[in-house]
Amino acid sequence: MTNPEMVVSSPRIISYYTGYIVLGTSALMIIPVITAVFAREWEPLLDFIISMGLAACLGFVLIIFGRYAKNHSDRVQWKHGFAVAALSWIILMLTCSLPYFLSGHSLSYLDACFDVMSGFTTTGLVLTQDLDHLSISLNMWRHMLTFIGGQGMVVLALSFIVKEGSGAFKFYVGEGKDIALVPNVKGTARIIWKISLVYLIIGTFLFWIAGLMIGLQPVSAFLHALFMFESSWSTGGFAPNTQNIMYYHSLLYEVVAMIIFIIGSFNFGLHYAIWQGKRKEFVKNIEIQSFAVTSFIGCVLVIAVLSKTGLYPDAVSMFRRVVFNVISAHTTTGLGTVYAQQFAQQWGDTGILIMIIVMLIGGSACSTAGGFKGLRVGIVFKGILRDVRKLISSERSMKIYKFHYMKDIALEDGIIRSSALIILCYMVLFGVGTLLGTFCGYSMADSAFEAASVTGNVGLSIGITGAGMPVVMKIYYIMAMYLGRLEFLSVFALIGLVLTGVKKICRKYLG
Amino acid sequence: MKLSKAEWIGMLVEIAGVLAYLFSLFIIAIAFVR
């Protein structure tokens, strides 16, 4: 008789739920398969069928290995939730990159993995070759990945696969989303998808109209609209063309994109509160205040610097080049209206430095955006203000300091410390990325720009990212995108579990 | 996926707020580039 204490071990629990997420994501390949049939793309169709089969097999193997965990959902602990989220992202990167690799548009499997991680983490950096001639089905897959990655694969799985009560909230938090919109976590996941799908319909329609106005054919305009919406809403940065959003040469297209990626960078809790009629939240929320202040200052500074150079002679071109790119960087979108080399050669050190700062700050927590988030910047800033006020006020004063984040929350030392620690982790990741860039022979400014772009899941490039960059940098950038998106804790939990397992095995066999 | 009146208004508030913010940035651009 098998002892349940023995069989329902951590690896089995993690394997069982990871298997479901892998299986669910492989089922999503049905969408590019259907697209390939409609577009009569027979070779990509075969690529997707092969990839789908392999991913489904892997999902089944993981579920079968962990099958004993099925009836022991009460054993799911926080560490399992974190590890499932972290492990799912790695396995999904490996399975979802198969269609890229089989298409022949990636020079190596590592390049395919880089593009998939870039999509999942809503970064938007690309190593795929000949982007202008990708099949429609592969473009559908690329943009789907970034759209799903923005909402979170675990959130998707929670909506449809995982049963309520089976430790669902622990998986949800593991993916860096910690707001319970409704007491039921499955309900929360469904609200996130409802908000995204409503905006999908409205945003795609707006892009479609803008596409028709610049002369695209209706079907082509629809596909471009769908891809650009998925990319903008998820603060991703992918586009179906090498020239990114510059391909469209349209102010209207750019304004629609800006509206969508700014709204996409908002916290899902904020969307829900406003949709529930709490409209004052829009101005009271600490993240909105933080975003408005930092993005406004960023835009004004870059406009001030570049207006002296005469680079953009009129207000419209200043708005389209500077405001678009600063907001795109701040919301961690990465759609760009200037070429990589123009940043390096025309924006100057001040312009690049401001872009680095806004890229690192990023969007809102529990949103599709990356970076260390406006919430943490706001908390640390208010923490500094609190300490200064305490120093200059009477020693007998016992004032409680608060910040507004859906509700008034007391500004406690623990909250400030955890925010500062996450910011520190981001800065270390950014610092090491910059160091690695300089070690590989790139300039300090270029290395810092690209490191900030991957750490904050932005996707703007100054020219370093390309198929020819050193392998060590590709691997580090994949790791930085992954760590930045999952906000460290899940990955640390996975590493901790692996090390504990290794330690146990060593003890068992080495005495 | 039917939206209630409050949800429609909420969505319009978000879009209007973002548009107002972008317009303020456009005014800044006009102020600097004359």
# chains A, B, ... in the order shown; residues from 1 in each chain; ligands from 1
>>> closest_atom_pairs(of="chain A", to="chain B", cutoff="9 Å", atoms="only C-alpha atoms", output="tab-separated table")
residue	atom	partner	partner_atom	distance
A:Lys194	CA	B:Met1	CA	7.2
A:Leu197	CA	B:Met1	CA	8.8
A:Val198	CA	B:Met1	CA	7.9
A:Tyr199	CA	B:Met11	CA	8.8
A:Val255	CA	B:Leu22	CA	8.7
A:Met258	CA	B:Leu22	CA	8.5
A:Ile259	CA	B:Val18	CA	6.2
A:Ile260	CA	B:Ile15	CA	8.4
A:Ile262	CA	B:Val18	CA	7.2
A:Ile263	CA	B:Glu14	CA	7.1
A:His271	CA	B:Gly10	CA	7.9
A:Tyr272	CA	B:Glu7	CA	8.7
A:Ala273	CA	B:Gly10	CA	8.6
A:Ile274	CA	B:Gly10	CA	5.1
A:Trp275	CA	B:Glu7	CA	4.3
A:Gln276	CA	B:Ala6	CA	6.4
A:Gly277	CA	B:Ala6	CA	6.0
A:Lys278	CA	B:Gly10	CA	8.5
A:Arg279	CA	B:Gly10	CA	7.1
A:Phe282	CA	B:Glu14	CA	7.9
A:Ala292	CA	B:Tyr21	CA	8.3
A:Phe296	CA	B:Leu25	CA	7.4
A:Cys299	CA	B:Leu25	CA	7.6
A:Val300	CA	B:Ile28	CA	7.1
A:Ile303	CA	B:Ala29	CA	6.7
A:Ala304	CA	B:Phe32	CA	6.7
A:Ser307	CA	B:Val33	CA	6.2
A:Lys308	CA	B:Val33	CA	9.0
A:Gly310	CA	B:Val33	CA	8.6
A:Tyr312	CA	B:Val33	CA	8.3
A:Pro313	CA	B:Val33	CA	6.8
A:Asp314	CA	B:Val33	CA	5.9
A:Ala315	CA	B:Ile30	CA	4.9
A:Val316	CA	B:Phe26	CA	7.7
A:Met318	CA	B:Ala29	CA	6.3
A:Phe319	CA	B:Phe26	CA	6.0
A:Val323	CA	B:Leu25	CA	7.2
>>> select_by_dssp(residues="region 226-389 of chain A", states="alpha helix (DSSP H)", output="ChimeraX atom specification")
/A:226-233,251-264,268-275,281-284,286-309,315-318,324-330,340-346,348-361,374-389
>>> write_last_selection(atoms="C-alpha atoms", output="tab-separated table (two decimals), in the first residue's frame")
chain	number	residue	atom	x	y	z
A	226	LEU	CA	-5.94	42.67	-33.91
A	227	PHE	CA	-2.16	42.26	-33.73
A	228	MET	CA	-1.54	45.88	-32.77
A	229	PHE	CA	-4.26	45.80	-30.13
A	230	GLU	CA	-2.85	42.64	-28.53
A	231	SER	CA	0.58	44.18	-28.55
A	232	SER	CA	-0.54	47.57	-27.17
A	233	TRP	CA	-2.95	46.32	-24.51
A	251	LEU	CA	-0.96	59.98	-36.13
A	252	LEU	CA	-4.38	58.41	-35.51
A	253	TYR	CA	-2.87	54.91	-35.28
A	254	GLU	CA	-0.29	56.21	-32.79
A	255	VAL	CA	-2.89	58.01	-30.65
A	256	VAL	CA	-5.09	54.89	-30.52
A	257	ALA	CA	-2.02	52.84	-29.53
A	258	MET	CA	-1.13	55.35	-26.79
A	259	ILE	CA	-4.64	55.28	-25.32
A	260	ILE	CA	-4.64	51.49	-25.29
A	261	PHE	CA	-1.20	50.97	-23.83
A	262	ILE	CA	-1.73	53.58	-21.12
A	263	ILE	CA	-5.03	51.95	-20.12
A	264	GLY	CA	-3.37	48.53	-20.44
A	268	PHE	CA	-6.83	45.47	-13.09
A	269	GLY	CA	-8.11	46.38	-9.63
A	270	LEU	CA	-8.33	50.00	-10.75
A	271	HIS	CA	-10.27	49.04	-13.90
A	272	TYR	CA	-12.65	47.02	-11.79
A	273	ALA	CA	-13.13	49.82	-9.23
A	274	ILE	CA	-13.88	52.39	-11.98
A	275	TRP	CA	-16.19	49.99	-13.78
A	281	GLU	CA	-10.24	56.07	-7.62
A	282	PHE	CA	-8.93	57.33	-10.97
A	283	VAL	CA	-7.40	60.40	-9.31
A	284	LYS	CA	-6.90	59.17	-5.72
A	286	ILE	CA	-1.30	56.17	-5.61
A	287	GLU	CA	-0.25	54.37	-8.81
A	288	ILE	CA	-2.09	56.77	-11.09
A	289	GLN	CA	-0.66	59.73	-9.19
A	290	SER	CA	2.83	58.23	-9.39
A	291	PHE	CA	2.48	57.44	-13.13
A	292	ALA	CA	1.06	60.90	-13.93
A	293	VAL	CA	3.87	62.69	-12.08
A	294	THR	CA	6.82	60.59	-13.34
A	295	SER	CA	5.62	60.32	-16.95
A	296	PHE	CA	4.79	64.03	-17.07
A	297	ILE	CA	8.21	64.99	-15.72
A	298	GLY	CA	9.88	62.52	-18.12
A	299	CYS	CA	8.03	63.93	-21.16
A	300	VAL	CA	8.67	67.57	-20.19
A	301	LEU	CA	12.39	66.95	-19.61
A	302	VAL	CA	12.93	65.14	-22.93
A	303	ILE	CA	10.84	67.75	-24.79
A	304	ALA	CA	12.92	70.50	-23.13
A	305	VAL	CA	16.20	68.79	-24.07
A	306	LEU	CA	15.24	67.99	-27.67
A	307	SER	CA	13.52	71.31	-28.36
A	308	LYS	CA	16.94	72.97	-28.01
A	309	THR	CA	18.41	70.75	-30.71
A	315	ALA	CA	4.70	70.30	-31.89
A	316	VAL	CA	3.05	67.41	-33.75
A	317	SER	CA	6.34	65.69	-34.58
A	318	MET	CA	7.59	66.38	-31.02
A	324	PHE	CA	4.93	58.53	-27.73
A	325	ASN	CA	8.31	56.99	-26.94
A	326	VAL	CA	8.53	58.23	-23.34
A	327	ILE	CA	5.01	56.98	-22.56
A	328	SER	CA	5.71	53.74	-24.45
A	329	ALA	CA	8.85	53.29	-22.31
A	330	HIS	CA	7.10	54.24	-19.06
A	340	ALA	CA	17.14	52.29	-32.50
A	341	GLN	CA	20.09	54.24	-33.85
A	342	GLN	CA	18.18	57.52	-33.57
A	343	PHE	CA	17.99	57.08	-29.80
A	344	ALA	CA	21.74	56.55	-29.71
A	345	GLN	CA	22.72	59.33	-32.06
A	346	GLN	CA	20.06	62.02	-31.69
A	348	GLY	CA	21.80	62.53	-26.37
A	349	ASP	CA	22.85	61.33	-22.92
A	350	THR	CA	20.10	63.21	-21.05
A	351	GLY	CA	17.39	61.79	-23.30
A	352	ILE	CA	18.74	58.25	-22.92
A	353	LEU	CA	19.09	58.63	-19.14
A	354	ILE	CA	15.48	59.78	-18.76
A	355	MET	CA	14.32	56.88	-20.91
A	356	ILE	CA	16.29	54.45	-18.71
A	357	ILE	CA	14.66	55.87	-15.56
A	358	VAL	CA	11.11	55.70	-16.90
A	359	MET	CA	11.68	52.19	-18.29
A	360	LEU	CA	12.80	50.99	-14.87
A	361	ILE	CA	9.82	52.60	-13.08
A	374	GLY	CA	4.49	53.04	-9.73
A	375	LEU	CA	3.02	51.58	-6.55
A	376	ARG	CA	6.45	50.82	-5.10
A	377	VAL	CA	7.86	54.17	-6.20
A	378	GLY	CA	4.89	55.91	-4.55
A	379	ILE	CA	5.26	53.90	-1.33
A	380	VAL	CA	9.00	54.51	-1.04
A	381	PHE	CA	8.53	58.23	-1.84
A	382	LYS	CA	5.77	58.53	0.77
A	383	GLY	CA	7.98	56.57	3.21
A	384	ILE	CA	10.78	59.11	2.77
A	385	LEU	CA	8.29	61.97	3.27
A	386	ARG	CA	6.96	60.26	6.40
A	387	ASP	CA	10.44	59.91	7.89
A	388	VAL	CA	11.27	63.55	7.14
A	389	ARG	CA	7.99	64.71	8.70
>>> residues_around(residues="Ala239 (chain A)", least_positions_apart="6", cutoff="12 Å", atoms="only C-alpha atoms", output="number ranges by chain")
A: 119, 123-126, 128, 131-132, 134, 139-140, 142-144, 146, 223-232, 245-248, 257, 333-336, 459
>>> atom_distance(atom1="CA of Ala480 (chain A)", atom2="CA of Gly496 (chain A)")
18.3 Å
>>> atom_distance(atom1="CA of Gly104 (chain A)", atom2="CA of His133 (chain A)")
11.5 Å
>>> residues_around(residues="Gly431 (chain A)", least_positions_apart="3", cutoff="9 Å", atoms="only C-alpha atoms", output="compact mmCIF listing (two decimals) with N, CA and C atoms, in the first residue's frame")
# COMPACT_ATOMS: atom_id res chain seq x y z
N TYR A 426 15.50 44.73 -8.65
CA TYR A 426 15.46 45.22 -10.04
C TYR A 426 16.76 45.96 -10.37
N MET A 427 17.23 46.77 -9.43
CA MET A 427 18.43 47.56 -9.70
C MET A 427 19.66 46.66 -9.86
N VAL A 428 19.71 45.57 -9.07
CA VAL A 428 20.82 44.63 -9.19
C VAL A 428 20.77 43.97 -10.58
N THR A 434 23.88 45.78 -17.30
CA THR A 434 24.71 46.86 -17.85
C THR A 434 26.18 46.43 -17.87
N LEU A 435 26.59 45.83 -16.76
CA LEU A 435 27.98 45.36 -16.65
C LEU A 435 28.30 44.34 -17.74
N LEU A 436 27.37 43.40 -17.95
CA LEU A 436 27.58 42.36 -18.96
C LEU A 436 27.69 42.99 -20.35
N ALA A 448 23.30 50.17 -20.72
CA ALA A 448 22.33 50.54 -19.69
C ALA A 448 20.92 50.63 -20.28
N ALA A 451 19.73 47.10 -20.98
CA ALA A 451 19.50 46.38 -19.71
C ALA A 451 18.21 46.87 -19.05
N ALA A 452 17.97 48.18 -19.09
CA ALA A 452 16.73 48.73 -18.52
C ALA A 452 15.53 48.22 -19.31
